[in-house]
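Undergrad: I have a structure I would like to understand better, so I am pasting it below and will then ask my questions one at a time.
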Amino acid sequence: MAQSKPSRSPSSFWLRRGLITLVVLAVGTAGILAWRGRGTQDETAWRTAKVEKGDIRVAISATGTLAAISTVDVGSQISGQVIDVLVDYNDHVSKDQVIARIDPSTYEAQIAQGDAAANSARAGLATAQAVLRNAEVDYRRKASLGQQQLVSQGDVDQARATLDQARAQVAQAQAQIRQQVASTQTARLNLQRAVIRSPVDGVVLTRSIEPGQTVAASLQAPVLFQIAEDLSKMEIVLAIDEADIGQVKRGLDVGFTVDAFPDRQFRGKVQQVRLSATNTSNVITYPVVVAVDNADQSLLPGMTANAEIEVSRRDDVLRVPNAALRFKPAEDDTAGATQASGAAGRGGAANDLPRAAAKLKLDAAQQQAFDDALGQMRERMAARAAAPQQSSGGGSTLFGGGMRMGGGGGAAGGGNSGQMRQRMQERFRQQFASFRAKLTPEQQAQWDAEINALVSARRAPLYRLVDGKPQPVTVRVGASDGSFTEVSGDIAEGDTVVTGSGRSAK
């Protein structure tokens with residue numbers, strides 16, 4: 001007798017079906033996420049930034065103290081007791097205004113004494129003149145009698161000696177008069193100096209005397225007042241480090257702030273770069289004078305100014321973050337871009353020269369001469385690239401390797417960069433001599449300026465993100481403000497450059 005099969009429970013059937021469905025959904029979801037992650041892996045592997053246009057401002061920071069352009073110390077040339085002080089702090093004074101007085105009684109007495117002595121000397125002169133007249137008459141009489149042999153020769157000689165003595169006494173009396181007059185004149189000058197006057201128009205900054213105080217002027221004049229001539233024009237003396245002084249020129253704009261007005265920006269201009277260096281703890285600095293307009297007189301002498309000298313400003317230029325110039329990818333990250341790297345490096349000069357020539361507005365004959373010279377240069381570059389690399393980095397890399405100079409990370413150091421520039425300029429003159437001969441004098445001057453700028457430019461490698469991979473490109477490096485750097489060359493606004501790796505460390 002056949003046995004019947006046990007029947008399946010409906011609940012277990014739906015449970016198994018539900019589990020199978022969940023497994024299928026989980027596997028499908030994992031596959032989709034893996035596929036999406038594969039597509040975005042390259043995008044999330046790098047930190048990037050856009051090449052943008054903007055302004056770059058290069059400035060040198062320094063601190064200094066505000067001061068009046070002309071500050072006069074008013075002192076006393078005489079000693080005595082101060083009887084009047086007619087001005088106080090912050091008072092405005094005009095030239096020749098009386099600002100203080102010293103007791104004049106001593107000098108008045110000296111003048112009276114000198115006048116009396118001069119009068120006495122004049123009386124002595126009158127007596128000496130009377131004696132002289134008598135001596136002259138006596139000498140003439142005895143000289144006449146001597147010729148008649150009526151008196152002895154000794155009497156004549158005695159009369160002459162008496163006449164000479166009388167004349168000497170007259171001269172002595174006249175000298176005494178001049179001496180007394182001069183002495184009296186000195187006393188009169190001292191009497192005038194007892195009145196202290198302002199030598200300039202200005203403002204009283206300091207006052208160091210009080211009525212009743214005794215002034216002692218011995219070896220040097222004591223300073224009684226300090227007067228600022230004109231506070232509407234002020235100056236700042238900045239101490240600039242020797243590493244930066246070469247960039248500072250007269251006429252550069254200066255912006256500064258003071259603690260009294262933290263939200264206000266003041267302006268000035270470099271007026272003078274002084275040659276007197278100061279050595280402080282083996283740090284050499286040079287004083288730079290900045291002229292400041294203080295028409296509203298809000299700035300006060302002695303304020304500390306936090307200044308920035310704008311040594312360079314580039315408006316609306318291509319710029320990249322400095323991190324993009326510091327980035328160096330690992331070898332495995334650029335394995336697929338080796339050929340692009342070589343092309344970017346060797347094409348530095350070849351790519352820059354057409355841009356320089358385009359500025360000259362060449363005619364057909366000039367353009368043909370340029371194309372011929374450029375083609376010959378590229379042929380030499382290709383032959384040089386195909387030849388085995390030499391150990392020395394001299395002429396073999398003159399037009400290869402992007403012509404990296406100075407701070408661009410090239411092989412040339414600071415001591416060889418000048419020689420390398422000379423060699424490069426000489427090579428340009430040789431290879432483009434026929435082209436330059438077809439230019440007008442104005443075009444020749446512009447071409448020479450472009451070549452000098454090209455040779456002197458610093459170059460550095462930059463990595464653009466192309467199809468998820470960093471592709472190297474050599475660019476010319478310009479001004480930098482510490483955050484952004486000006487670049488030019490085979491790069492355009494909106495390009496994506498790599499600033500760092502976004503992968504986690506393994």
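Starting from 1 in every chain, residues are counted up; chains themselves are A, B, ... following the order of the structure tokens, and ligands are numbered from 1 as listed.
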Show me a table, sorted first by chain and then by increasing residue number, of the residues of range 142-194 of chain A having an atom at most 9 Å from range 107-110 of chain A, each with its shortest atom pair and the distance in Å to one decimal, counting only C-alpha atoms and written as JSON lines.
TA:
```
{"residue": "A:Ser183", "atom": "CA", "partner": "A:Gln110", "partner_atom": "CA", "distance": 8.6}
{"residue": "A:Thr184", "atom": "CA", "partner": "A:Gln110", "partner_atom": "CA", "distance": 7.1}
{"residue": "A:Ala187", "atom": "CA", "partner": "A:Tyr107", "partner_atom": "CA", "distance": 5.6}
{"residue": "A:Arg188", "atom": "CA", "partner": "A:Tyr107", "partner_atom": "CA", "distance": 7.2}
{"residue": "A:Leu189", "atom": "CA", "partner": "A:Tyr107", "partner_atom": "CA", "distance": 9.0}
{"residue": "A:Asn190", "atom": "CA", "partner": "A:Tyr107", "partner_atom": "CA", "distance": 6.6}
{"residue": "A:Leu191", "atom": "CA", "partner": "A:Tyr107", "partner_atom": "CA", "distance": 5.5}
{"residue": "A:Ala194", "atom": "CA", "partner": "A:Tyr107", "partner_atom": "CA", "distance": 8.7}
```
Undergrad: By how many Å are CA of Arg476 in chain A and CA of Ala45 in chain A apart?
TA: 26.8 Å
Undergrad: Check the DSSP output for the backbone and give back, as a count of residues only, the residues of range 238-366 of chain A in alpha helix (DSSP H).
TA: 28
Undergrad: What's the 10 Å shell around range 353-362 of chain A, counting only C-alpha atoms, without same-chain residues fewer than 2 positions away, as a list of chain:residue names?
TA: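 These residues fall inside the cut-off: A:Gly348, A:Ala349, A:Ala350, A:Asn351, A:Ala364, A:Ala365, A:Gln366, A:Gln367, A:Gln368, A:Ala369, A:Phe370, A:Asp371, A:Leu374, A:Lys438, A:Leu439, A:Thr440, A:Glu442, A:Gln443, A:Gln444, A:Gln446, A:Trp447, A:Ala449, A:Glu450, A:Ile451, A:Ala453, A:Leu454, A:Gly489.
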Undergrad: So which residues touch range 222-230 of chain A within 10 Å, counting only C-alpha atoms, skipping near sequence neighbours fewer than 3 positions away, as an NGL selection string?
TA: :A and (67-79 or 87-95 or 99-100 or 196 or 198-210 or 215-219 or 233-234 or 294 or 297 or 301)
Undergrad: Out of A:Leu150, A:Ile245, A:Val85, A:Val237, which residue has the shortest atom-to-atom distance to Arg197 in chain A when counting only C-alpha atoms?
TA: A:Val85
Undergrad: At a cut-off of 10 Å, using only C-alpha atoms, what residues contact Glu486 in chain A? Leave out same-chain residues fewer than 4 positions from it and give the result as a list in words.
TA: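 The residues satisfying every condition are Glu52, Lys53, Gly54, Asp55, Ile56, Arg314, Asp316, Val317, Leu318, Arg319, Val320, Pro321, Asn322, Val475, Arg476, Val477, Gly478, Ala479, Ser480 and Asp481 of chain A.
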Undergrad: One decimal, Å: what's the distance from CA of Ala295 in chain A over to CA of Phe266 in chain A, could you say?
TA: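 Computing it gives 11.7 Å between the two atoms.
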Undergrad: Taking into account only C-alpha atoms, which residue in the set A:Leu252, A:Ile236, A:Leu163, A:Ala118 is nearest to Asn134 in chain A?
TA: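 Using only C-alpha atoms, the shortest distance to Asn134 in chain A belongs to A:Leu163.
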Undergrad: Between A:Ala62, A:Ala126, A:Leu231, A:Ala116, which residue has the minimum interatomic distance to Val170 in chain A, considering only C-alpha atoms?
TA: A:Ala126
Undergrad: Can you list, as a count of residues only, every protein, DNA or RNA residue that comes within 10 Å of Asp259 in chain A when you count only C-alpha atoms, leaving out same-chain residues fewer than 2 positions away?
TA: 9
Undergrad: Taking into account only C-alpha atoms, which residue in the set A:Ala277, A:Ile491, A:Ala121, A:Val151 is nearest to Ala175 in chain A?
TA: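 Selected residue with least distance to Ala175 in chain A: A:Ala121.
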Undergrad: Just how far from CA of Ala59 in chain A is CA of Pro287 in chain A, in Å to one decimal?
TA: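 If I compute the distance from CA of Pro287 in chain A to CA of Ala59 in chain A, I get 16.7 Å.
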